[in-house]
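Since the structure comes first, as structure tokens, the remarks are kept for the end.
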Amino acid sequence: MSASEEKKRPVRWHIAVFLAPAVLVYTAIMILPLFGTLQLSLFREVEQQQVFVGFDNFRILFGDPRWSESFWNALFNNTWFFIIHMLVQNPLGVLFAALLSSPKLRFSVFYRTAIFVPTILSFVIVGFVWKLILSPLWGITPDMLDAIGLKSLFAPWLGKPEYALTTLSLISVWQFIGIPMMLIYAALLSIPDEVLEAAECDGVTGMSQFWKIKLPLVLPSIGIISILTFVGNFNAFDLIYTAQGALAGPNYATDILGTFLYRTFFGFQLQIGDPNMGSTIASVMFLIILAGVSLYLFGIQTRLRRYQF
Amino acid sequence: MKSTTLKGLLLASTLLCSVGLAYGQDAELIIESWRNDDLEIWQSKLIPAFEAKHPGIKVKFTPTAPTEYNAALNFKLEAGSAGDLITCRPFDASLALYEAGHLAPVTDLEGMKNFSDVAKSGWSTDDGSAQFCVPMASVIHGFIYNKDAFDELGLSVPQTEGELFAALDKIKEDGNYVPMAMGTNDQWEAATMGYQNIGPNYWKGEEGRLALIKGDQKLTDDVWVQPYETLAKWKDYLGDGFEAQTYPDSQNMFTLGRAAIYPAGSWEISGFNNLADFQMGAFPPPVRNAGDDCFISDHTDIAIGMNAKTANPEAAKAFLNWVGSEEFATLYANALPGFFSLSDHDVKMDDALAQEFVSWRGKCNSTIRSTYQILSRGTPNLENETWNASANVIRGTESPQDAAKRLQDGLSSWNDNHK
């Protein structure tokens with residue numbers, strides 16, 4: 001043994017070789033574009049030439065009253081979009097998962113599938129279908145409300161500035177609720193029976209078993225779901241774009257960072273695209289998401305207690 | 001025997017080769033466009049007509065979705081992968097392409113002689129010295145109405161604004177039809193078919209438009225605010241839930257016969273002809289008082305230019321010259337009723353509704369949309385803001401005065417003539 005230890009350890013090429021494809025692909029399609037975007041945000045086009053301007057684009061974005069108003073509006077809307085997801089999607093996801101994991105529930109496979117199906121639909125379909133459902137002209141919502149005598153509650157929700165964003169958030173919740181449900185469901189199933197039996201021996205059953213035993217055990221999964229929701233929401237774009245267009249009407253009430261970025265970067269109708277300001281917004285989005293994820297990783301995840309079985 | 005077969009084969013293959021070569025020598029032209037609705041017409045009518053006259057040139061029409069067109073085209077041009085012929089949006093979008101060297105000048109082309117200065121204005125440099133696209137068509141704004149509904153209610157075609165509102169009141173009172181088919185969900189109809197449709201009667205067409213560009217008039221002046229005040233009155237005549245009504249919703253509402261009046265652009269004609277099973281008529285935006293001069297928006301909408309880096313400049317020029325010809329003007333105007341030729345040729349059109357629209361050119365003064373030339377160059381973009389403001393005003397969430405002030409403040413923030 002000692003003789004072989006003295007021998008120089010061979011270079012372990014296989015590690016590099018096995019890592020190479022992933023590293024190369026990830027660098028080419030994620031890291032390089034990310035740094036390209038950051039670099040683009042430090043330049044500005046002056047007479048067909050890219051000129052280095054330092055952080056001046058960021059100063060305009062936050063300092064110019066028009067740019068900053070649009071930006072804060074988009075950020076505020078985005079935050080509201082996220083809050084709705086956190087308040088509706090994730091608690092409902094936990095609830096559905098808890099109901100599904102109950103052995104007494106019949107047709108649980110059917111419910112599981114039905115709730116998960118919207119997740120695999122394309123945004124375009126979801127946006128279009130919901131626009132039709134809620135349409136004041138052809139939609140079934142006014143008729144259904146009429147049938148139960150609640151027609152007065154109907155409003156053209158997608159066209160009213162005060163409701164449009166919340167409506168779209170709920171549509172997005174409808175689409176994605178399957179993901180937290182499945183993750184929590186899997187976490188609930190992985191709780192060993194011994195733990196639950198021990199709890200029952202101690203007289204902890206029913207609701208209190210859920211609150212005192214199961215929920216603490218799935219808390220790490222809920223943490224992961226929250227961070228996925230955060231990243232997903234602050235990168236969101238598709239649903240708003242398909243339902244309300246790039247101008248994110250009515251009166252920019254549904255404008256989130258993604259649509260604001262799209263309009264600025266690619267332009268819209270007569271507005272000519274401005275890749276530099278667009279990259280500036282993209283960089284700020286990146287920083288917001290980075291800050292949120294870091295906060296979670298270092299502030300919350302390290303404090304979550306993990307249980308080993 | 002064997003050798004003859006071999007020789008025969010060799011001979012055949014050389015022949016085939018030469019045929020292949022001759023075929024390969026055809027210049028292929030690719031057209032970039034946002035008019036994906038027109039694909040069929042290009043393939044079945046326009047391109048065969050051109051190819052019949054110009055053997056050796058093959059043309060391919062490859063449209064992109066309208067809202068993505070500008071962005072996609074810019075990136076293709078920068079990457080060098082764009083087609084040979086570029087369909088041009090009017091004014092600044094194309095001017096920017098010309099200044100960046102992506103579009104070749106077409107000033108000296110033979111076919112350009114057939115266009116007036118107004119027709120060329122959408123695709124000229126600011127000083128008018130150079131042109132970079134050959135004008136194809138303009139669109140005219142007005143109102144299309146359901147003739148059967150008008151007959152049923154005993155209404156006559158409104159000439160003045162007062163008569164229009166009286167007619168709307170009567171339709172509303174009757175209750176069988178939604179008076180006016182328009183929604184604010186997509187925003188652009190409110191600006192394009194609303195504000196830019198009725199506005200020229202207020203700001204006196206070109207007079208007001210040019211004064212606004214020079215900075216002699218402000219968007220907060222009466223003539224620019226009053227169209228918003230009129231638009232605000234439309235709210236009561238739109239369908240239930242118009243806030244969430246989209247552009248296709250409005251089109252369907254009218255062609256299904258559920259609405260009586262449709263604020264329109266002439267581009268709707270061919271679609272409506274196919275869908276509506278009732279008689280349609282059209283009237284220009286009513287004047288404010290009987291006997292006033294009338295003004296219409298006759299907007300230079302579409303043109304075609306040449307990619308400066310095309311591999312087949314001669315073939316592309318041949319095509320552009322053909323676009324300036326009478327043959328093209330007649331083919332295009334009849335294949336797409338509602339897109340009116342900008343050339344000086346006397347174009348015969350068969351469609352009655354299209355004839356009605358184009359007849360207004362004779363009795364009213366033409367102008368183009370006020371926001372398109374120069375004024376939408378900066379940030380905030382006046383055209384986009386006008387969409388937003390018009391939709392807000394119709395929805396009743398912003399007063400005409402506030403909307404006008406907001407637009408003027410935005411314009412003043414970057415336009416030197418308005419500082």
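Following the order of the structure tokens, first chain is A, next is B, and so on, with residues numbered from 1 inside each chain and ligands from 1 in the order they appear.
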Output the contact residues of chain B with respect to chain A at a cut-off of 10 Å, based on only C-alpha atoms, as a PDB file with C-alpha atoms, in the first residue's frame.
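The result, written out as out.pdb:
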ATOM      1  CA  PRO B  66     -46.774  41.627 -38.092  1.00  0.00           C
ATOM      2  CA  THR B  67     -45.828  42.415 -34.497  1.00  0.00           C
ATOM      3  CA  GLU B  68     -42.528  40.549 -34.806  1.00  0.00           C
ATOM      4  CA  TYR B  69     -41.609  41.852 -38.224  1.00  0.00           C
ATOM      5  CA  ASN B  70     -39.572  44.939 -37.332  1.00  0.00           C
ATOM      6  CA  ALA B  71     -37.506  43.196 -34.704  1.00  0.00           C
ATOM      7  CA  ALA B  72     -36.938  40.043 -36.751  1.00  0.00           C
ATOM      8  CA  ASN B  74     -33.495  44.191 -37.948  1.00  0.00           C
ATOM      9  CA  PHE B  75     -31.717  41.136 -36.623  1.00  0.00           C
ATOM     10  CA  ARG B  89     -43.029  50.199 -42.972  1.00  0.00           C
ATOM     11  CA  PRO B  90     -43.566  53.918 -43.498  1.00  0.00           C
ATOM     12  CA  PHE B  91     -41.281  56.604 -42.060  1.00  0.00           C
ATOM     13  CA  ASP B  92     -38.860  56.107 -39.233  1.00  0.00           C
ATOM     14  CA  ALA B  93     -38.596  52.338 -39.061  1.00  0.00           C
ATOM     15  CA  ALA B  96     -33.419  53.918 -39.734  1.00  0.00           C
ATOM     16  CA  GLU B  99     -29.397  55.263 -42.590  1.00  0.00           C
ATOM     17  CA  ALA B 100     -27.779  52.115 -41.244  1.00  0.00           C
ATOM     18  CA  GLY B 183     -63.052  47.342 -27.958  1.00  0.00           C
ATOM     19  CA  THR B 184     -60.149  48.743 -26.007  1.00  0.00           C
ATOM     20  CA  ASN B 185     -58.368  45.508 -25.139  1.00  0.00           C
ATOM     21  CA  ASP B 186     -55.840  45.647 -27.974  1.00  0.00           C
ATOM     22  CA  GLN B 187     -55.501  49.433 -27.672  1.00  0.00           C
ATOM     23  CA  TRP B 188     -54.458  50.116 -31.257  1.00  0.00           C
ATOM     24  CA  GLY B 239     -70.911  46.745 -26.527  1.00  0.00           C
ATOM     25  CA  ASP B 240     -71.108  45.330 -22.999  1.00  0.00           C
ATOM     26  CA  GLY B 241     -67.654  44.617 -21.632  1.00  0.00           C
ATOM     27  CA  PHE B 242     -65.920  46.504 -24.431  1.00  0.00           C
ATOM     28  CA  GLU B 243     -62.931  46.878 -22.102  1.00  0.00           C
ATOM     29  CA  ALA B 244     -62.012  43.255 -22.721  1.00  0.00           C
ATOM     30  CA  GLN B 245     -63.181  43.151 -26.348  1.00  0.00           C
ATOM     31  CA  THR B 246     -60.317  42.389 -28.736  1.00  0.00           C
ATOM     32  CA  ASP B 249     -63.988  40.199 -31.357  1.00  0.00           C
ATOM     33  CA  SER B 250     -65.007  43.511 -32.921  1.00  0.00           C
ATOM     34  CA  MET B 253     -69.303  41.271 -33.872  1.00  0.00           C
ATOM     35  CA  THR B 371     -47.810  60.307 -35.142  1.00  0.00           C
ATOM     36  CA  TYR B 372     -45.883  58.490 -37.852  1.00  0.00           C
ATOM     37  CA  SER B 376     -42.337  58.724 -32.858  1.00  0.00           C
ATOM     38  CA  ARG B 377     -38.561  58.774 -32.953  1.00  0.00           C
ATOM     39  CA  GLY B 378     -37.861  59.158 -29.258  1.00  0.00           C
ATOM     40  CA  THR B 379     -38.707  57.642 -25.930  1.00  0.00           C
ATOM     41  CA  PRO B 380     -41.510  57.712 -24.852  1.00  0.00           C
ATOM     42  CA  ASN B 381     -42.792  56.691 -28.245  1.00  0.00           C
ATOM     43  CA  LEU B 382     -45.693  58.952 -29.246  1.00  0.00           C
ATOM     44  CA  GLU B 383     -47.496  56.318 -31.326  1.00  0.00           C
ATOM     45  CA  ASN B 384     -47.482  53.728 -28.539  1.00  0.00           C
ATOM     46  CA  GLU B 385     -48.503  56.371 -25.992  1.00  0.00           C
ATOM     47  CA  TRP B 387     -52.652  53.884 -28.273  1.00  0.00           C
ATOM     48  CA  ASN B 388     -52.589  53.908 -24.518  1.00  0.00           C
ATOM     49  CA  ALA B 389     -54.138  57.371 -24.181  1.00  0.00           C
ATOM     50  CA  ALA B 391     -57.841  53.440 -24.933  1.00  0.00           C
ATOM     51  CA  ASN B 392     -57.788  55.196 -21.547  1.00  0.00           C
ATOM     52  CA  ARG B 395     -62.521  53.540 -21.137  1.00  0.00           C
ATOM     53  CA  THR B 397     -60.082  56.227 -16.871  1.00  0.00           C
ATOM     54  CA  GLU B 398     -58.237  59.348 -18.053  1.00  0.00           C
ATOM     55  CA  GLY B 410     -43.594  62.989 -23.244  1.00  0.00           C
ATOM     56  CA  SER B 413     -38.996  65.522 -23.175  1.00  0.00           C
TER      57      SER B 413
END
*Could you pull the residues within 12 Å of range 215-224 of chain A, counting only C-alpha atoms, minus those fewer than 2 positions along the same chain, as an NGL selection string?*
:A and (86 or 89-95 or 97-98 or 179-192 or 195-196 or 207-213 or 226-231 or 293 or 295-297 or 299-309)
Step one, run DSSP on the backbone; step two, keep only residues of range 48-256 of chain B assigned to helix (DSSP H, G or I); then write them as a short mmCIF file (atom, residue, chain, number, x, y, z; two decimals) with N, CA and C atoms, in the first residue's frame.
data_model
loop_
_atom_site.label_atom_id
_atom_site.label_comp_id
_atom_site.auth_asym_id
_atom_site.auth_seq_id
_atom_site.Cartn_x
_atom_site.Cartn_y
_atom_site.Cartn_z
N PRO B 48 -46.59 34.90 -60.10
CA PRO B 48 -46.68 34.34 -61.47
C PRO B 48 -46.71 35.42 -62.54
N ALA B 49 -47.41 36.54 -62.28
CA ALA B 49 -47.47 37.61 -63.28
C ALA B 49 -46.09 38.18 -63.53
N PHE B 50 -45.31 38.33 -62.47
CA PHE B 50 -43.96 38.88 -62.64
C PHE B 50 -43.05 37.88 -63.34
N GLU B 51 -43.12 36.63 -62.91
CA GLU B 51 -42.22 35.62 -63.46
C GLU B 51 -42.51 35.37 -64.94
N ALA B 52 -43.75 35.52 -65.34
CA ALA B 52 -44.09 35.33 -66.75
C ALA B 52 -43.37 36.37 -67.61
N LYS B 53 -43.21 37.56 -67.08
CA LYS B 53 -42.56 38.62 -67.85
C LYS B 53 -41.05 38.59 -67.72
N PRO B 66 -46.89 40.16 -38.07
CA PRO B 66 -46.77 41.63 -38.09
C PRO B 66 -46.07 42.22 -36.88
N THR B 67 -46.43 41.77 -35.66
CA THR B 67 -45.83 42.41 -34.50
C THR B 67 -44.36 42.06 -34.34
N GLU B 68 -43.93 40.94 -34.95
CA GLU B 68 -42.53 40.55 -34.81
C GLU B 68 -41.66 41.05 -35.95
N TYR B 69 -42.33 41.58 -36.98
CA TYR B 69 -41.61 41.85 -38.22
C TYR B 69 -40.42 42.78 -38.05
N ASN B 70 -40.65 43.95 -37.43
CA ASN B 70 -39.57 44.94 -37.33
C ASN B 70 -38.35 44.37 -36.61
N ALA B 71 -38.61 43.72 -35.49
CA ALA B 71 -37.51 43.20 -34.70
C ALA B 71 -36.78 42.10 -35.47
N ALA B 72 -37.55 41.16 -36.03
CA ALA B 72 -36.94 40.04 -36.75
C ALA B 72 -36.13 40.56 -37.93
N LEU B 73 -36.69 41.53 -38.65
CA LEU B 73 -36.01 42.06 -39.83
C LEU B 73 -34.69 42.72 -39.44
N ASN B 74 -34.72 43.53 -38.38
CA ASN B 74 -33.50 44.19 -37.95
C ASN B 74 -32.39 43.19 -37.68
N PHE B 75 -32.75 42.11 -36.97
CA PHE B 75 -31.72 41.14 -36.62
C PHE B 75 -31.23 40.39 -37.87
N LYS B 76 -32.15 40.07 -38.78
CA LYS B 76 -31.74 39.38 -40.01
C LYS B 76 -30.81 40.26 -40.83
N LEU B 77 -31.12 41.56 -40.90
CA LEU B 77 -30.28 42.45 -41.70
C LEU B 77 -28.89 42.56 -41.09
N GLU B 78 -28.84 42.64 -39.76
CA GLU B 78 -27.53 42.75 -39.11
C GLU B 78 -26.74 41.47 -39.30
N ALA B 79 -27.44 40.34 -39.29
CA ALA B 79 -26.74 39.08 -39.43
C ALA B 79 -26.44 38.75 -40.89
N ASP B 92 -40.10 56.25 -39.97
CA ASP B 92 -38.86 56.11 -39.23
C ASP B 92 -38.27 54.70 -39.20
N ALA B 93 -39.13 53.70 -39.14
CA ALA B 93 -38.60 52.34 -39.06
C ALA B 93 -37.73 52.06 -40.29
N SER B 94 -38.23 52.43 -41.48
CA SER B 94 -37.47 52.18 -42.69
C SER B 94 -36.33 53.18 -42.85
N LEU B 95 -36.57 54.42 -42.43
CA LEU B 95 -35.51 55.42 -42.52
C LEU B 95 -34.29 54.97 -41.73
N ALA B 96 -34.53 54.39 -40.56
CA ALA B 96 -33.42 53.92 -39.73
C ALA B 96 -32.64 52.83 -40.47
N LEU B 97 -33.36 51.97 -41.19
CA LEU B 97 -32.70 50.91 -41.95
C LEU B 97 -31.85 51.50 -43.08
N TYR B 98 -32.40 52.55 -43.71
CA TYR B 98 -31.66 53.19 -44.81
C TYR B 98 -30.40 53.86 -44.28
N GLU B 99 -30.55 54.56 -43.14
CA GLU B 99 -29.40 55.26 -42.59
C GLU B 99 -28.33 54.30 -42.10
N GLU B 110 -36.47 53.66 -62.68
CA GLU B 110 -37.47 54.02 -63.67
C GLU B 110 -38.87 54.07 -63.07
N GLY B 111 -39.21 53.04 -62.28
CA GLY B 111 -40.55 52.91 -61.74
C GLY B 111 -40.93 54.03 -60.77
N MET B 112 -39.97 54.73 -60.20
CA MET B 112 -40.28 55.77 -59.21
C MET B 112 -40.93 56.99 -59.83
N LYS B 113 -40.83 57.11 -61.19
CA LYS B 113 -41.42 58.27 -61.85
C LYS B 113 -42.93 58.31 -61.72
N ASN B 114 -43.51 57.14 -61.43
CA ASN B 114 -44.97 57.07 -61.42
C ASN B 114 -45.59 57.44 -60.08
N ASP B 117 -45.01 63.17 -54.92
CA ASP B 117 -44.17 63.42 -53.74
C ASP B 117 -44.86 62.94 -52.46
N VAL B 118 -46.19 63.15 -52.39
CA VAL B 118 -46.91 62.72 -51.19
C VAL B 118 -46.79 61.22 -51.03
N ALA B 119 -46.95 60.50 -52.16
CA ALA B 119 -46.85 59.05 -52.11
C ALA B 119 -45.47 58.63 -51.65
N LYS B 120 -44.45 59.38 -52.07
CA LYS B 120 -43.08 59.00 -51.73
C LYS B 120 -42.67 59.45 -50.33
N SER B 121 -43.48 60.36 -49.72
CA SER B 121 -43.05 60.98 -48.47
C SER B 121 -42.74 59.97 -47.37
N GLY B 122 -43.47 58.85 -47.38
CA GLY B 122 -43.27 57.88 -46.31
C GLY B 122 -41.92 57.20 -46.36
N TRP B 123 -41.26 57.27 -47.51
CA TRP B 123 -40.01 56.53 -47.66
C TRP B 123 -38.92 57.42 -48.25
N LYS B 147 -75.77 48.14 -43.92
CA LYS B 147 -76.83 48.82 -44.67
C LYS B 147 -78.21 48.29 -44.31
N ASP B 148 -78.29 46.98 -44.12
CA ASP B 148 -79.58 46.38 -43.79
C ASP B 148 -80.11 46.97 -42.49
N ALA B 149 -79.19 47.11 -41.50
CA ALA B 149 -79.62 47.66 -40.22
C ALA B 149 -80.05 49.11 -40.37
N PHE B 150 -79.32 49.87 -41.18
CA PHE B 150 -79.69 51.27 -41.40
C PHE B 150 -81.06 51.38 -42.06
N ASP B 151 -81.31 50.50 -43.06
CA ASP B 151 -82.62 50.52 -43.74
C ASP B 151 -83.73 50.17 -42.77
N GLU B 152 -83.49 49.13 -41.98
CA GLU B 152 -84.47 48.65 -41.02
C GLU B 152 -84.88 49.77 -40.05
N LEU B 153 -83.89 50.56 -39.62
CA LEU B 153 -84.17 51.61 -38.65
C LEU B 153 -84.48 52.95 -39.31
N GLU B 161 -71.06 65.25 -37.46
CA GLU B 161 -70.87 64.56 -36.20
C GLU B 161 -72.19 64.46 -35.43
N GLY B 162 -72.96 65.54 -35.46
CA GLY B 162 -74.25 65.53 -34.77
C GLY B 162 -75.14 64.42 -35.30
N GLU B 163 -75.16 64.27 -36.62
CA GLU B 163 -75.98 63.22 -37.22
C GLU B 163 -75.49 61.84 -36.83
N LEU B 164 -74.16 61.70 -36.73
CA LEU B 164 -73.61 60.40 -36.34
C LEU B 164 -74.09 60.02 -34.95
N PHE B 165 -74.00 60.98 -34.02
CA PHE B 165 -74.43 60.66 -32.65
C PHE B 165 -75.93 60.45 -32.57
N ALA B 166 -76.69 61.19 -33.41
CA ALA B 166 -78.14 60.98 -33.44
C ALA B 166 -78.44 59.56 -33.91
N ALA B 167 -77.71 59.13 -34.95
CA ALA B 167 -77.92 57.77 -35.46
C ALA B 167 -77.56 56.75 -34.39
N LEU B 168 -76.43 56.98 -33.70
CA LEU B 168 -76.02 56.04 -32.65
C LEU B 168 -77.08 55.96 -31.55
N ASP B 169 -77.61 57.12 -31.19
CA ASP B 169 -78.66 57.14 -30.16
C ASP B 169 -79.85 56.31 -30.59
N LYS B 170 -80.22 56.46 -31.86
CA LYS B 170 -81.39 55.76 -32.36
C LYS B 170 -81.17 54.24 -32.36
N ILE B 171 -79.96 53.83 -32.78
CA ILE B 171 -79.66 52.39 -32.79
C ILE B 171 -79.69 51.85 -31.38
N LYS B 172 -79.16 52.64 -30.45
CA LYS B 172 -79.12 52.19 -29.05
C LYS B 172 -80.53 52.05 -28.49
N GLU B 173 -81.35 53.04 -28.82
CA GLU B 173 -82.73 53.03 -28.34
C GLU B 173 -83.48 51.81 -28.84
N ASP B 174 -83.25 51.49 -30.13
CA ASP B 174 -83.91 50.34 -30.74
C ASP B 174 -83.49 49.04 -30.05
N TRP B 188 -54.79 49.39 -30.03
CA TRP B 188 -54.46 50.12 -31.26
C TRP B 188 -55.67 50.57 -32.04
N GLU B 189 -56.80 49.82 -31.93
CA GLU B 189 -57.98 50.27 -32.67
C GLU B 189 -58.43 51.62 -32.17
N ALA B 190 -58.35 51.81 -30.84
CA ALA B 190 -58.79 53.07 -30.25
C ALA B 190 -58.01 54.23 -30.86
N ALA B 191 -56.71 54.03 -31.08
CA ALA B 191 -55.89 55.10 -31.63
C ALA B 191 -56.04 55.19 -33.15
N THR B 192 -55.95 54.03 -33.82
CA THR B 192 -55.89 54.03 -35.27
C THR B 192 -57.26 54.25 -35.90
N MET B 193 -58.25 53.50 -35.44
CA MET B 193 -59.58 53.64 -36.01
C MET B 193 -60.41 54.67 -35.26
N GLY B 194 -59.92 55.10 -34.11
CA GLY B 194 -60.60 56.15 -33.36
C GLY B 194 -59.95 57.50 -33.61
N TYR B 195 -58.90 57.75 -32.88
CA TYR B 195 -58.26 59.07 -32.89
C TYR B 195 -57.78 59.49 -34.29
N GLN B 196 -57.04 58.62 -34.97
CA GLN B 196 -56.49 59.00 -36.27
C GLN B 196 -57.57 59.01 -37.35
N ASN B 197 -58.69 58.38 -37.08
CA ASN B 197 -59.79 58.34 -38.04
C ASN B 197 -60.55 59.67 -38.02
N ILE B 198 -60.99 60.11 -36.84
CA ILE B 198 -61.81 61.32 -36.77
C ILE B 198 -60.96 62.57 -36.63
N PRO B 200 -58.30 64.08 -38.21
CA PRO B 200 -57.95 65.02 -39.29
C PRO B 200 -59.00 66.11 -39.51
N ASN B 201 -60.29 65.82 -39.27
CA ASN B 201 -61.31 66.86 -39.40
C ASN B 201 -61.11 67.98 -38.39
N TYR B 202 -60.48 67.68 -37.27
CA TYR B 202 -60.26 68.68 -36.23
C TYR B 202 -58.99 69.48 -36.51
N TRP B 203 -57.88 68.74 -36.78
CA TRP B 203 -56.62 69.47 -36.95
C TRP B 203 -56.36 69.83 -38.41
N GLU B 206 -53.21 67.88 -43.18
CA GLU B 206 -51.78 68.17 -43.30
C GLU B 206 -51.39 69.44 -42.56
N GLU B 207 -52.30 70.44 -42.58
CA GLU B 207 -51.98 71.71 -41.94
C GLU B 207 -51.61 71.49 -40.46
N GLY B 208 -52.46 70.78 -39.76
CA GLY B 208 -52.20 70.53 -38.35
C GLY B 208 -51.04 69.59 -38.14
N ARG B 209 -50.96 68.57 -38.98
CA ARG B 209 -49.90 67.57 -38.80
C ARG B 209 -48.53 68.21 -38.94
N LEU B 210 -48.37 69.05 -39.98
CA LEU B 210 -47.07 69.68 -40.20
C LEU B 210 -46.76 70.70 -39.12
N ALA B 211 -47.83 71.42 -38.66
CA ALA B 211 -47.61 72.40 -37.59
C ALA B 211 -47.16 71.69 -36.31
N LEU B 212 -47.70 70.50 -36.09
CA LEU B 212 -47.30 69.76 -34.89
C LEU B 212 -45.84 69.33 -34.99
N ILE B 213 -45.43 68.90 -36.19
CA ILE B 213 -44.04 68.48 -36.36
C ILE B 213 -43.11 69.67 -36.13
N LYS B 214 -43.53 70.85 -36.64
CA LYS B 214 -42.67 72.04 -36.48
C LYS B 214 -42.69 72.56 -35.06
N ASP B 222 -56.55 72.93 -28.59
CA ASP B 222 -57.92 72.43 -28.71
C ASP B 222 -58.10 71.41 -29.83
N VAL B 223 -57.49 71.71 -31.00
CA VAL B 223 -57.76 70.83 -32.14
C VAL B 223 -57.22 69.42 -31.91
N TRP B 224 -56.26 69.27 -31.02
CA TRP B 224 -55.72 67.94 -30.74
C TRP B 224 -56.42 67.29 -29.55
N VAL B 225 -57.04 68.08 -28.67
CA VAL B 225 -57.73 67.52 -27.50
C VAL B 225 -59.16 67.14 -27.85
N GLN B 226 -59.80 67.96 -28.71
CA GLN B 226 -61.22 67.72 -29.02
C GLN B 226 -61.51 66.33 -29.59
N PRO B 227 -60.62 65.78 -30.47
CA PRO B 227 -60.92 64.40 -30.91
C PRO B 227 -61.03 63.44 -29.73
N TYR B 228 -60.22 63.66 -28.69
CA TYR B 228 -60.32 62.81 -27.50
C TYR B 228 -61.66 63.00 -26.81
N GLU B 229 -62.12 64.27 -26.78
CA GLU B 229 -63.42 64.51 -26.13
C GLU B 229 -64.53 63.78 -26.86
N THR B 230 -64.43 63.75 -28.21
CA THR B 230 -65.43 63.02 -28.98
C THR B 230 -65.31 61.52 -28.72
N LEU B 231 -64.07 61.03 -28.68
CA LEU B 231 -63.86 59.60 -28.43
C LEU B 231 -64.47 59.20 -27.09
N ALA B 232 -64.32 60.09 -26.09
CA ALA B 232 -64.84 59.76 -24.76
C ALA B 232 -66.34 59.52 -24.82
N LYS B 233 -67.02 60.17 -25.79
CA LYS B 233 -68.47 59.99 -25.91
C LYS B 233 -68.84 58.65 -26.55
N TRP B 234 -67.87 58.01 -27.24
CA TRP B 234 -68.15 56.72 -27.88
C TRP B 234 -68.46 55.64 -26.86
N LYS B 235 -67.91 55.80 -25.67
CA LYS B 235 -68.02 54.78 -24.63
C LYS B 235 -69.44 54.23 -24.49
N ASP B 236 -70.43 55.14 -24.52
CA ASP B 236 -71.81 54.72 -24.26
C ASP B 236 -72.40 53.89 -25.38
N TYR B 237 -71.74 53.88 -26.54
CA TYR B 237 -72.33 53.19 -27.69
C TYR B 237 -71.63 51.87 -27.99
N PHE B 242 -66.84 46.13 -23.34
CA PHE B 242 -65.92 46.50 -24.43
C PHE B 242 -64.48 46.60 -23.95
N GLU B 243 -64.30 46.75 -22.63
CA GLU B 243 -62.93 46.88 -22.10
C GLU B 243 -62.10 45.64 -22.42
N ALA B 244 -62.75 44.49 -22.46
CA ALA B 244 -62.01 43.26 -22.72
C ALA B 244 -62.25 42.74 -24.14
N TYR B 247 -59.65 43.00 -30.96
CA TYR B 247 -59.85 43.38 -32.36
C TYR B 247 -60.62 42.30 -33.14
N PRO B 248 -60.20 41.01 -33.06
CA PRO B 248 -61.00 39.99 -33.75
C PRO B 248 -62.44 39.92 -33.22
N ASP B 249 -62.63 40.17 -31.91
CA ASP B 249 -63.99 40.20 -31.36
C ASP B 249 -64.84 41.23 -32.09
N SER B 250 -64.25 42.44 -32.27
CA SER B 250 -65.01 43.51 -32.92
C SER B 250 -65.33 43.15 -34.36
N GLN B 251 -64.33 42.57 -35.06
CA GLN B 251 -64.57 42.17 -36.45
C GLN B 251 -65.71 41.17 -36.54
N ASN B 252 -65.67 40.17 -35.63
CA ASN B 252 -66.72 39.16 -35.65
C ASN B 252 -68.08 39.76 -35.31
N MET B 253 -68.06 40.64 -34.31
CA MET B 253 -69.30 41.27 -33.87
C MET B 253 -69.98 41.97 -35.05
N PHE B 254 -69.19 42.67 -35.84
CA PHE B 254 -69.77 43.39 -36.97
C PHE B 254 -70.17 42.45 -38.09
N THR B 255 -69.29 41.52 -38.47
CA THR B 255 -69.61 40.67 -39.62
C THR B 255 -70.72 39.67 -39.30
#
*Which residue, B:Asp26, B:Cys294, B:Tyr262, B:Val139, has the smallest gap to Asn365 in chain B when you use only C-alpha atoms?*
B:Cys294
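For the atom pair formed by CA of Ala316 in chain B and CA of Asp126 in chain B, the distance is 25.0 Å, given to one decimal.
Nearest-residue note for Pro158 in chain B: choosing from B:Ala352, B:Val323, B:Leu29, B:Val287, the minimum distance belongs to B:Val287, counting only C-alpha atoms.
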*Interatomic distance between CA of Leu238 in chain B and CA of Pro142 in chain A?*
17.5 Å
*Those of range 191-274 of chain A in DSSP strand (DSSP E or B), formatted as a ChimeraX atom specification*: /A:267-268,271-272
